[in-house]
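Written below as structure tokens is the structure these notes are about.
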Amino acid sequence: MHRVSEVEVQEDLLQANRELAERNRRLLEEKGVVAVEVSGAIGSGKSTLIELAVGELKQYRIAAIAGDVVASLDAERFRRLGIEVVPLNTGRECHLDAHLVGHALEQLPLEELDLIFVENVGNLICPADFELGAQVRVVVVSVTEGDDIVAKHPGIFRRAQLAVINKIDLASFVGADPEKMARDARRLNPELEVLQLSARTGENLSSWYGFLRRVAELKPTSSGR
Amino acid sequence: MHELSVALGIVKAALKRVKRGRVVEVQVAIGELTHINAEQLRFAFEIASRGTALEGAELKTRIVEAELRCVRCRTRGKSFTCGRCGSAMEVLSGEELLLERLKVVEDAPR
């Protein structure tokens, strides 16, 4: 004889991550640091945009958390710029999560920082399910991914504050319409700011820096340094 | 794509609650807005549950429909932009990944 019983659970398995993300966000606010999560597909230009920003925004104290599946190539790229970098290897995982980022934050001197770039693993799908706790979220797409790339990945644009459409210098070569990409992004998220630029030619990069300066000034305890 | 880590999460959460017997059925609700694929989750669960009290359990899934509400005019809908006033929508449901219940079989004491 055996007995069959039902066990009610009702546990949201994504909730644990959300709570950790909230904890990260509170820690950042407390320390007066703004974290900018940068997500996007492999090769969209995430690392390059971060490198350029670090070079440009000399007035801020910047660090980076670099997510990679295995190697730490991105971390090395950022380190060469003379900033503090925490490499995060996800093992085989396709996204960073709030737990990993929480540990990375422990390794940074938060009191001494203004901005932290958190570069997610190259992927437009999975990071959408896992908030990290960064106050600002940026999604980078490039015209070479095809101009339907935005419409195909609604989730990641919904929670972002900025969408960067990169490599516009290549649009005519690959037959992509960056305006369509911008329209799609705004349709998914009417509050989203959208920038079309080329990290390679430098076209409109000033808007990327402008955006970052604005968010850096939102620092909860910016005391007029 | 992260079905394996989700499957491991299901096994871990279930084992917290089941101390005796074996789990024969697991009911999971997947929000429509998550990026979890039910078929891949079943496959990952098969692997994640091996050697545990959940091995061989049937993973049943249901989809939770997305419901969004306009932050301004409160109109409800499924799109990310309000069909009436064009404002942003907040998510009421569809982002969850709920382990709902387990069916456990225990050998009765003789």
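Each chain in the structure tokens gets a letter, A, B and so on, in the order shown; residues start at 1 in every chain, and ligands are counted from 1 in the order they appear.
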(Q) Quick one: residues within 12 Å of B:Ala88, only C-alpha atoms, excluding same-chain residues fewer than 2 positions away - as a PyMOL selection string? (A) (chain A and resi 157-159+186-192) or (chain B and resi 68-86+90-91)
Next, write the just-selected residues to a file, as a PDB file, in the first residue's frame, keeping C-alpha atoms as the atom set.
```pdb
ATOM      1  CA  PHE A 157      13.466  46.312 -24.477  1.00  0.00           C
ATOM      2  CA  ARG A 158      10.567  46.532 -22.106  1.00  0.00           C
ATOM      3  CA  ARG A 159      12.621  47.241 -19.012  1.00  0.00           C
ATOM      4  CA  ARG A 186       9.573  52.829 -29.089  1.00  0.00           C
ATOM      5  CA  ARG A 187       6.501  50.768 -29.809  1.00  0.00           C
ATOM      6  CA  LEU A 188       7.651  48.156 -27.290  1.00  0.00           C
ATOM      7  CA  ASN A 189       8.442  50.770 -24.698  1.00  0.00           C
ATOM      8  CA  PRO A 190       7.094  54.285 -25.181  1.00  0.00           C
ATOM      9  CA  GLU A 191       9.395  55.620 -22.460  1.00  0.00           C
ATOM     10  CA  LEU A 192      12.518  54.229 -24.075  1.00  0.00           C
TER      11      LEU A 192
ATOM     12  CA  LEU B  68      -0.746  44.262 -18.702  1.00  0.00           C
ATOM     13  CA  ARG B  69      -2.268  47.524 -17.527  1.00  0.00           C
ATOM     14  CA  CYS B  70      -1.640  51.021 -18.770  1.00  0.00           C
ATOM     15  CA  VAL B  71       0.230  53.075 -16.180  1.00  0.00           C
ATOM     16  CA  ARG B  72      -1.844  56.117 -17.113  1.00  0.00           C
ATOM     17  CA  CYS B  73      -5.370  55.257 -18.174  1.00  0.00           C
ATOM     18  CA  ARG B  74      -5.429  51.781 -16.559  1.00  0.00           C
ATOM     19  CA  THR B  75      -6.675  50.096 -19.742  1.00  0.00           C
ATOM     20  CA  ARG B  76      -5.796  46.419 -19.698  1.00  0.00           C
ATOM     21  CA  GLY B  77      -4.339  44.513 -22.604  1.00  0.00           C
ATOM     22  CA  LYS B  78      -1.583  42.300 -23.865  1.00  0.00           C
ATOM     23  CA  SER B  79       0.593  44.708 -25.819  1.00  0.00           C
ATOM     24  CA  PHE B  80       3.488  46.665 -24.364  1.00  0.00           C
ATOM     25  CA  THR B  81       2.081  50.000 -25.405  1.00  0.00           C
ATOM     26  CA  CYS B  82      -1.400  51.109 -24.396  1.00  0.00           C
ATOM     27  CA  GLY B  83      -3.764  50.733 -27.332  1.00  0.00           C
ATOM     28  CA  ARG B  84      -5.821  53.679 -26.083  1.00  0.00           C
ATOM     29  CA  CYS B  85      -3.395  56.364 -24.942  1.00  0.00           C
ATOM     30  CA  GLY B  86       0.012  55.098 -26.095  1.00  0.00           C
ATOM     31  CA  GLU B  90       2.885  47.499 -16.386  1.00  0.00           C
ATOM     32  CA  VAL B  91       2.828  43.745 -16.136  1.00  0.00           C
TER      33      VAL B  91
END
```
Q: For chain B, work out the contacting residues on chain A at 7 Å, counting only C-alpha atoms, and write them as number ranges by chain.
A: A: 1-14, 93-94, 125-126, 129, 187-191
**Q.** Length of the atom CA of A:Glu111 to atom CA of A:Arg213 vector [Å]
**A.**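 These atoms are spaced 18.7 Å apart.
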Q.
as a PyMOL selection string, please: the residues near A:Phe130 (cut-off 7 Å, only C-alpha atoms, same-chain neighbours under 3 positions excluded).
A. chain A and resi 17+97+127
Q.
Would you compute the distance between atom CA of A:Val143 and atom CA of A:Ile83? Give it in Å to one decimal.
A. 29.7 Å
Q: Do a neighbour search on stretch 149-152 of chain A at 10 Å with only C-alpha atoms, toss out local chain neighbours closer than 6 positions, and write the hits as a PyMOL selection string.
A: chain A and resi 41+124-125+139+141-143+163+165+180-188
Could you save the residues just selected, with C-alpha atoms, as a CSV table (one decimal), in the first residue's frame?
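So again-v4.csv came out as:
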```
chain,number,residue,atom,x,y,z
A,41,ALA,CA,23.7,40.2,-28.7
A,124,LEU,CA,19.0,39.1,-26.2
A,125,ILE,CA,16.7,36.5,-24.7
A,139,VAL,CA,20.2,47.4,-24.8
A,141,VAL,CA,21.6,46.2,-31.1
A,142,SER,CA,23.4,46.6,-34.4
A,143,VAL,CA,22.0,47.0,-37.9
A,163,ALA,CA,18.3,51.3,-26.8
A,165,ILE,CA,21.2,51.1,-32.5
A,180,LYS,CA,12.5,50.9,-38.4
A,181,MET,CA,14.5,49.5,-35.5
A,182,ALA,CA,14.0,52.8,-33.6
A,183,ARG,CA,10.2,52.7,-34.3
A,184,ASP,CA,10.0,49.1,-33.1
A,185,ALA,CA,11.8,49.9,-29.9
A,186,ARG,CA,9.6,52.8,-29.1
A,187,ARG,CA,6.5,50.8,-29.8
A,188,LEU,CA,7.7,48.2,-27.3
```
(Q) I want to know what sits within 10 Å of A:Gly43, based on only C-alpha atoms, with residues of the same chain fewer than 3 positions away left out; could you give that as a count of residues only? (A) 11
**Q.** Filtered DSSP result for chain B, state alpha helix (DSSP H), as a PyMOL selection string
**A.** chain B and resi 3-17+38-48
**Q.** Contact residues around A:Ser206 with only C-alpha atoms at 12 Å, ignoring same-chain residues under 2 positions, as a list in words
**A.**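 Here the qualifying residues turn out to be Leu49, Leu52, Ala53, Glu56, Leu57, Leu195, Gln196, Leu197, Ser198, Ala199, Thr201, Gly202, Glu203, Asn204, Trp208, Tyr209, Gly210, Phe211, Leu212 and Arg213 of chain A.
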Let's have the selection written as a PDB file, in the first residue's frame, with N, CA, C and O atoms.
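The result, written out as again_1.pdb:
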```pdb
ATOM      1  N   LEU A  49      31.360  50.098 -26.744  1.00  0.00           N
ATOM      2  CA  LEU A  49      30.673  51.291 -26.238  1.00  0.00           C
ATOM      3  C   LEU A  49      31.093  51.604 -24.806  1.00  0.00           C
ATOM      4  O   LEU A  49      31.232  52.766 -24.424  1.00  0.00           O
ATOM      5  N   LEU A  52      34.688  53.057 -24.953  1.00  0.00           N
ATOM      6  CA  LEU A  52      34.676  54.453 -25.393  1.00  0.00           C
ATOM      7  C   LEU A  52      34.196  55.366 -24.269  1.00  0.00           C
ATOM      8  O   LEU A  52      34.753  56.440 -24.047  1.00  0.00           O
ATOM      9  N   ALA A  53      33.179  54.920 -23.547  1.00  0.00           N
ATOM     10  CA  ALA A  53      32.636  55.746 -22.465  1.00  0.00           C
ATOM     11  C   ALA A  53      33.662  55.936 -21.357  1.00  0.00           C
ATOM     12  O   ALA A  53      33.804  57.032 -20.811  1.00  0.00           O
ATOM     13  N   GLU A  56      36.044  58.506 -22.370  1.00  0.00           N
ATOM     14  CA  GLU A  56      35.485  59.859 -22.500  1.00  0.00           C
ATOM     15  C   GLU A  56      35.125  60.488 -21.150  1.00  0.00           C
ATOM     16  O   GLU A  56      35.339  61.672 -20.933  1.00  0.00           O
ATOM     17  N   LEU A  57      34.554  59.671 -20.263  1.00  0.00           N
ATOM     18  CA  LEU A  57      33.974  60.230 -19.030  1.00  0.00           C
ATOM     19  C   LEU A  57      35.009  60.239 -17.908  1.00  0.00           C
ATOM     20  O   LEU A  57      34.832  59.598 -16.867  1.00  0.00           O
ATOM     21  N   LEU A 195      18.944  55.745 -29.413  1.00  0.00           N
ATOM     22  CA  LEU A 195      20.042  56.436 -30.083  1.00  0.00           C
ATOM     23  C   LEU A 195      20.529  55.613 -31.263  1.00  0.00           C
ATOM     24  O   LEU A 195      20.726  54.410 -31.144  1.00  0.00           O
ATOM     25  N   GLN A 196      20.711  56.280 -32.392  1.00  0.00           N
ATOM     26  CA  GLN A 196      21.321  55.606 -33.539  1.00  0.00           C
ATOM     27  C   GLN A 196      22.740  56.144 -33.657  1.00  0.00           C
ATOM     28  O   GLN A 196      22.937  57.357 -33.744  1.00  0.00           O
ATOM     29  N   LEU A 197      23.710  55.262 -33.666  1.00  0.00           N
ATOM     30  CA  LEU A 197      25.096  55.740 -33.694  1.00  0.00           C
ATOM     31  C   LEU A 197      26.020  54.719 -34.336  1.00  0.00           C
ATOM     32  O   LEU A 197      25.615  53.601 -34.667  1.00  0.00           O
ATOM     33  N   SER A 198      27.252  55.122 -34.503  1.00  0.00           N
ATOM     34  CA  SER A 198      28.277  54.187 -34.952  1.00  0.00           C
ATOM     35  C   SER A 198      29.485  54.331 -34.035  1.00  0.00           C
ATOM     36  O   SER A 198      30.135  55.368 -34.008  1.00  0.00           O
ATOM     37  N   ALA A 199      29.759  53.268 -33.290  1.00  0.00           N
ATOM     38  CA  ALA A 199      30.909  53.302 -32.388  1.00  0.00           C
ATOM     39  C   ALA A 199      32.199  53.367 -33.192  1.00  0.00           C
ATOM     40  O   ALA A 199      33.215  53.858 -32.720  1.00  0.00           O
ATOM     41  N   THR A 201      32.705  54.847 -36.456  1.00  0.00           N
ATOM     42  CA  THR A 201      32.981  56.142 -37.087  1.00  0.00           C
ATOM     43  C   THR A 201      32.866  57.297 -36.091  1.00  0.00           C
ATOM     44  O   THR A 201      33.307  58.394 -36.352  1.00  0.00           O
ATOM     45  N   GLY A 202      32.206  57.025 -34.966  1.00  0.00           N
ATOM     46  CA  GLY A 202      32.039  58.078 -33.972  1.00  0.00           C
ATOM     47  C   GLY A 202      30.756  58.886 -34.156  1.00  0.00           C
ATOM     48  O   GLY A 202      30.454  59.764 -33.339  1.00  0.00           O
ATOM     49  N   GLU A 203      29.999  58.567 -35.205  1.00  0.00           N
ATOM     50  CA  GLU A 203      28.777  59.320 -35.461  1.00  0.00           C
ATOM     51  C   GLU A 203      27.796  59.211 -34.287  1.00  0.00           C
ATOM     52  O   GLU A 203      27.461  58.102 -33.862  1.00  0.00           O
ATOM     53  N   ASN A 204      27.391  60.354 -33.789  1.00  0.00           N
ATOM     54  CA  ASN A 204      26.405  60.455 -32.700  1.00  0.00           C
ATOM     55  C   ASN A 204      26.853  59.830 -31.372  1.00  0.00           C
ATOM     56  O   ASN A 204      26.038  59.622 -30.469  1.00  0.00           O
ATOM     57  N   TRP A 208      25.557  59.200 -26.694  1.00  0.00           N
ATOM     58  CA  TRP A 208      25.814  58.100 -25.744  1.00  0.00           C
ATOM     59  C   TRP A 208      26.486  58.655 -24.490  1.00  0.00           C
ATOM     60  O   TRP A 208      26.086  58.375 -23.374  1.00  0.00           O
ATOM     61  N   TYR A 209      27.483  59.498 -24.688  1.00  0.00           N
ATOM     62  CA  TYR A 209      28.146  60.100 -23.528  1.00  0.00           C
ATOM     63  C   TYR A 209      27.171  61.005 -22.763  1.00  0.00           C
ATOM     64  O   TYR A 209      27.182  61.036 -21.532  1.00  0.00           O
ATOM     65  N   GLY A 210      26.361  61.724 -23.519  1.00  0.00           N
ATOM     66  CA  GLY A 210      25.393  62.633 -22.894  1.00  0.00           C
ATOM     67  C   GLY A 210      24.424  61.874 -22.001  1.00  0.00           C
ATOM     68  O   GLY A 210      24.123  62.285 -20.879  1.00  0.00           O
ATOM     69  N   PHE A 211      23.949  60.738 -22.510  1.00  0.00           N
ATOM     70  CA  PHE A 211      23.042  59.905 -21.725  1.00  0.00           C
ATOM     71  C   PHE A 211      23.712  59.471 -20.429  1.00  0.00           C
ATOM     72  O   PHE A 211      23.140  59.575 -19.337  1.00  0.00           O
ATOM     73  N   LEU A 212      24.964  59.013 -20.545  1.00  0.00           N
ATOM     74  CA  LEU A 212      25.670  58.514 -19.355  1.00  0.00           C
ATOM     75  C   LEU A 212      25.943  59.628 -18.355  1.00  0.00           C
ATOM     76  O   LEU A 212      25.858  59.421 -17.145  1.00  0.00           O
ATOM     77  N   ARG A 213      26.264  60.819 -18.870  1.00  0.00           N
ATOM     78  CA  ARG A 213      26.484  61.947 -17.949  1.00  0.00           C
ATOM     79  C   ARG A 213      25.202  62.238 -17.176  1.00  0.00           C
ATOM     80  O   ARG A 213      25.231  62.473 -15.978  1.00  0.00           O
TER      81      ARG A 213
END
```
(Q) Please determine, counting only C-alpha atoms, which residue among B:Glu39, B:Leu54, B:Glu67, B:Ser49 has the shortest atom-to-atom distance to B:Arg20. (A)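 The shortest atom-to-atom distance to B:Arg20 comes from B:Leu54.
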Q: Determine which residues of stretch 13-91 of chain B DSSP labels as strand (DSSP E or B) from the backbone of this structure, then write them out as number ranges by chain.
A: B: 22-31, 58-64, 67-70, 76-77, 81, 88-91
Output for the residues just chosen: N, CA and C atoms as a CSV table (one decimal), in the first residue's frame:
```csv
chain,number,residue,atom,x,y,z
B,22,ARG,N,8.4,9.7,-2.8
B,22,ARG,CA,9.0,10.2,-4.0
B,22,ARG,C,7.9,11.0,-4.8
B,23,VAL,N,8.4,11.9,-5.5
B,23,VAL,CA,7.5,12.8,-6.2
B,23,VAL,C,7.2,12.2,-7.6
B,24,VAL,N,5.9,12.1,-7.9
B,24,VAL,CA,5.5,11.5,-9.1
B,24,VAL,C,5.0,12.5,-10.1
B,25,GLU,N,4.7,13.7,-9.6
B,25,GLU,CA,4.1,14.7,-10.5
B,25,GLU,C,4.5,16.1,-10.0
B,26,VAL,N,4.9,17.0,-10.9
B,26,VAL,CA,5.3,18.3,-10.6
B,26,VAL,C,4.5,19.3,-11.5
B,27,GLN,N,3.8,20.2,-10.9
B,27,GLN,CA,3.0,21.1,-11.7
B,27,GLN,C,3.6,22.5,-11.7
B,28,VAL,N,3.9,23.0,-12.8
B,28,VAL,CA,4.6,24.3,-13.0
B,28,VAL,C,3.8,25.2,-13.8
B,29,ALA,N,3.7,26.5,-13.5
B,29,ALA,CA,3.0,27.5,-14.3
B,29,ALA,C,4.1,28.4,-14.9
B,30,ILE,N,4.1,28.6,-16.2
B,30,ILE,CA,5.1,29.4,-16.9
B,30,ILE,C,4.4,30.6,-17.4
B,31,GLY,N,4.9,31.8,-17.0
B,31,GLY,CA,4.4,33.0,-17.5
B,31,GLY,C,4.7,33.2,-19.0
B,58,GLU,N,6.5,13.2,-13.5
B,58,GLU,CA,6.0,13.9,-14.7
B,58,GLU,C,6.0,15.4,-14.5
B,59,LEU,N,6.6,16.2,-15.4
B,59,LEU,CA,6.5,17.6,-15.2
B,59,LEU,C,5.4,18.1,-16.0
B,60,LYS,N,4.3,18.7,-15.3
B,60,LYS,CA,3.2,19.2,-16.1
B,60,LYS,C,3.3,20.7,-16.1
B,61,THR,N,3.1,21.3,-17.2
B,61,THR,CA,3.2,22.8,-17.3
B,61,THR,C,1.9,23.4,-17.8
B,62,ARG,N,1.6,24.6,-17.3
B,62,ARG,CA,0.6,25.4,-17.9
B,62,ARG,C,1.1,26.8,-18.2
B,63,ILE,N,0.5,27.4,-19.2
B,63,ILE,CA,1.0,28.8,-19.5
B,63,ILE,C,0.1,29.8,-18.8
B,64,VAL,N,0.7,30.8,-18.1
B,64,VAL,CA,0.0,31.9,-17.5
B,64,VAL,C,-0.1,33.0,-18.5
B,67,GLU,N,-1.0,39.6,-18.8
B,67,GLU,CA,-1.9,40.7,-18.6
B,67,GLU,C,-1.2,41.9,-18.2
B,68,LEU,N,-1.4,43.0,-19.0
B,68,LEU,CA,-0.7,44.3,-18.7
B,68,LEU,C,-1.8,45.4,-18.5
B,69,ARG,N,-1.4,46.4,-17.8
B,69,ARG,CA,-2.3,47.5,-17.5
B,69,ARG,C,-1.5,48.8,-17.8
B,70,CYS,N,-2.2,49.7,-18.4
B,70,CYS,CA,-1.6,51.0,-18.8
B,70,CYS,C,-1.3,51.8,-17.5
B,76,ARG,N,-6.5,47.7,-19.7
B,76,ARG,CA,-5.8,46.4,-19.7
B,76,ARG,C,-5.6,45.9,-21.1
B,77,GLY,N,-4.6,45.1,-21.3
B,77,GLY,CA,-4.3,44.5,-22.6
B,77,GLY,C,-3.1,43.6,-22.6
B,81,THR,N,2.4,48.6,-25.3
B,81,THR,CA,2.1,50.0,-25.4
B,81,THR,C,0.6,50.1,-25.3
B,88,ALA,N,3.1,53.6,-21.4
B,88,ALA,CA,3.7,52.3,-21.1
B,88,ALA,C,2.7,51.4,-20.3
B,89,MET,N,2.9,50.2,-20.4
B,89,MET,CA,2.1,49.2,-19.7
B,89,MET,C,2.9,48.5,-18.6
B,90,GLU,N,2.2,48.3,-17.4
B,90,GLU,CA,2.9,47.5,-16.4
B,90,GLU,C,2.3,46.1,-16.4
B,91,VAL,N,3.2,45.2,-16.0
B,91,VAL,CA,2.8,43.7,-16.1
B,91,VAL,C,2.1,43.3,-14.9
```
Q.
One number please: atom CA of A:Leu88 to atom CA of A:Ala64, in Å, one decimal.
A.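 Between atom CA of A:Leu88 and atom CA of A:Ala64 the gap works out to 10.3 Å.
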Q. Looking at A:Gly45, A:Glu84, A:Lys31, A:Glu76, which one is nearest to A:Arg200, with distances taken over only C-alpha atoms?
A.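 Answer, going by the shortest atom-to-atom distance: A:Gly45.
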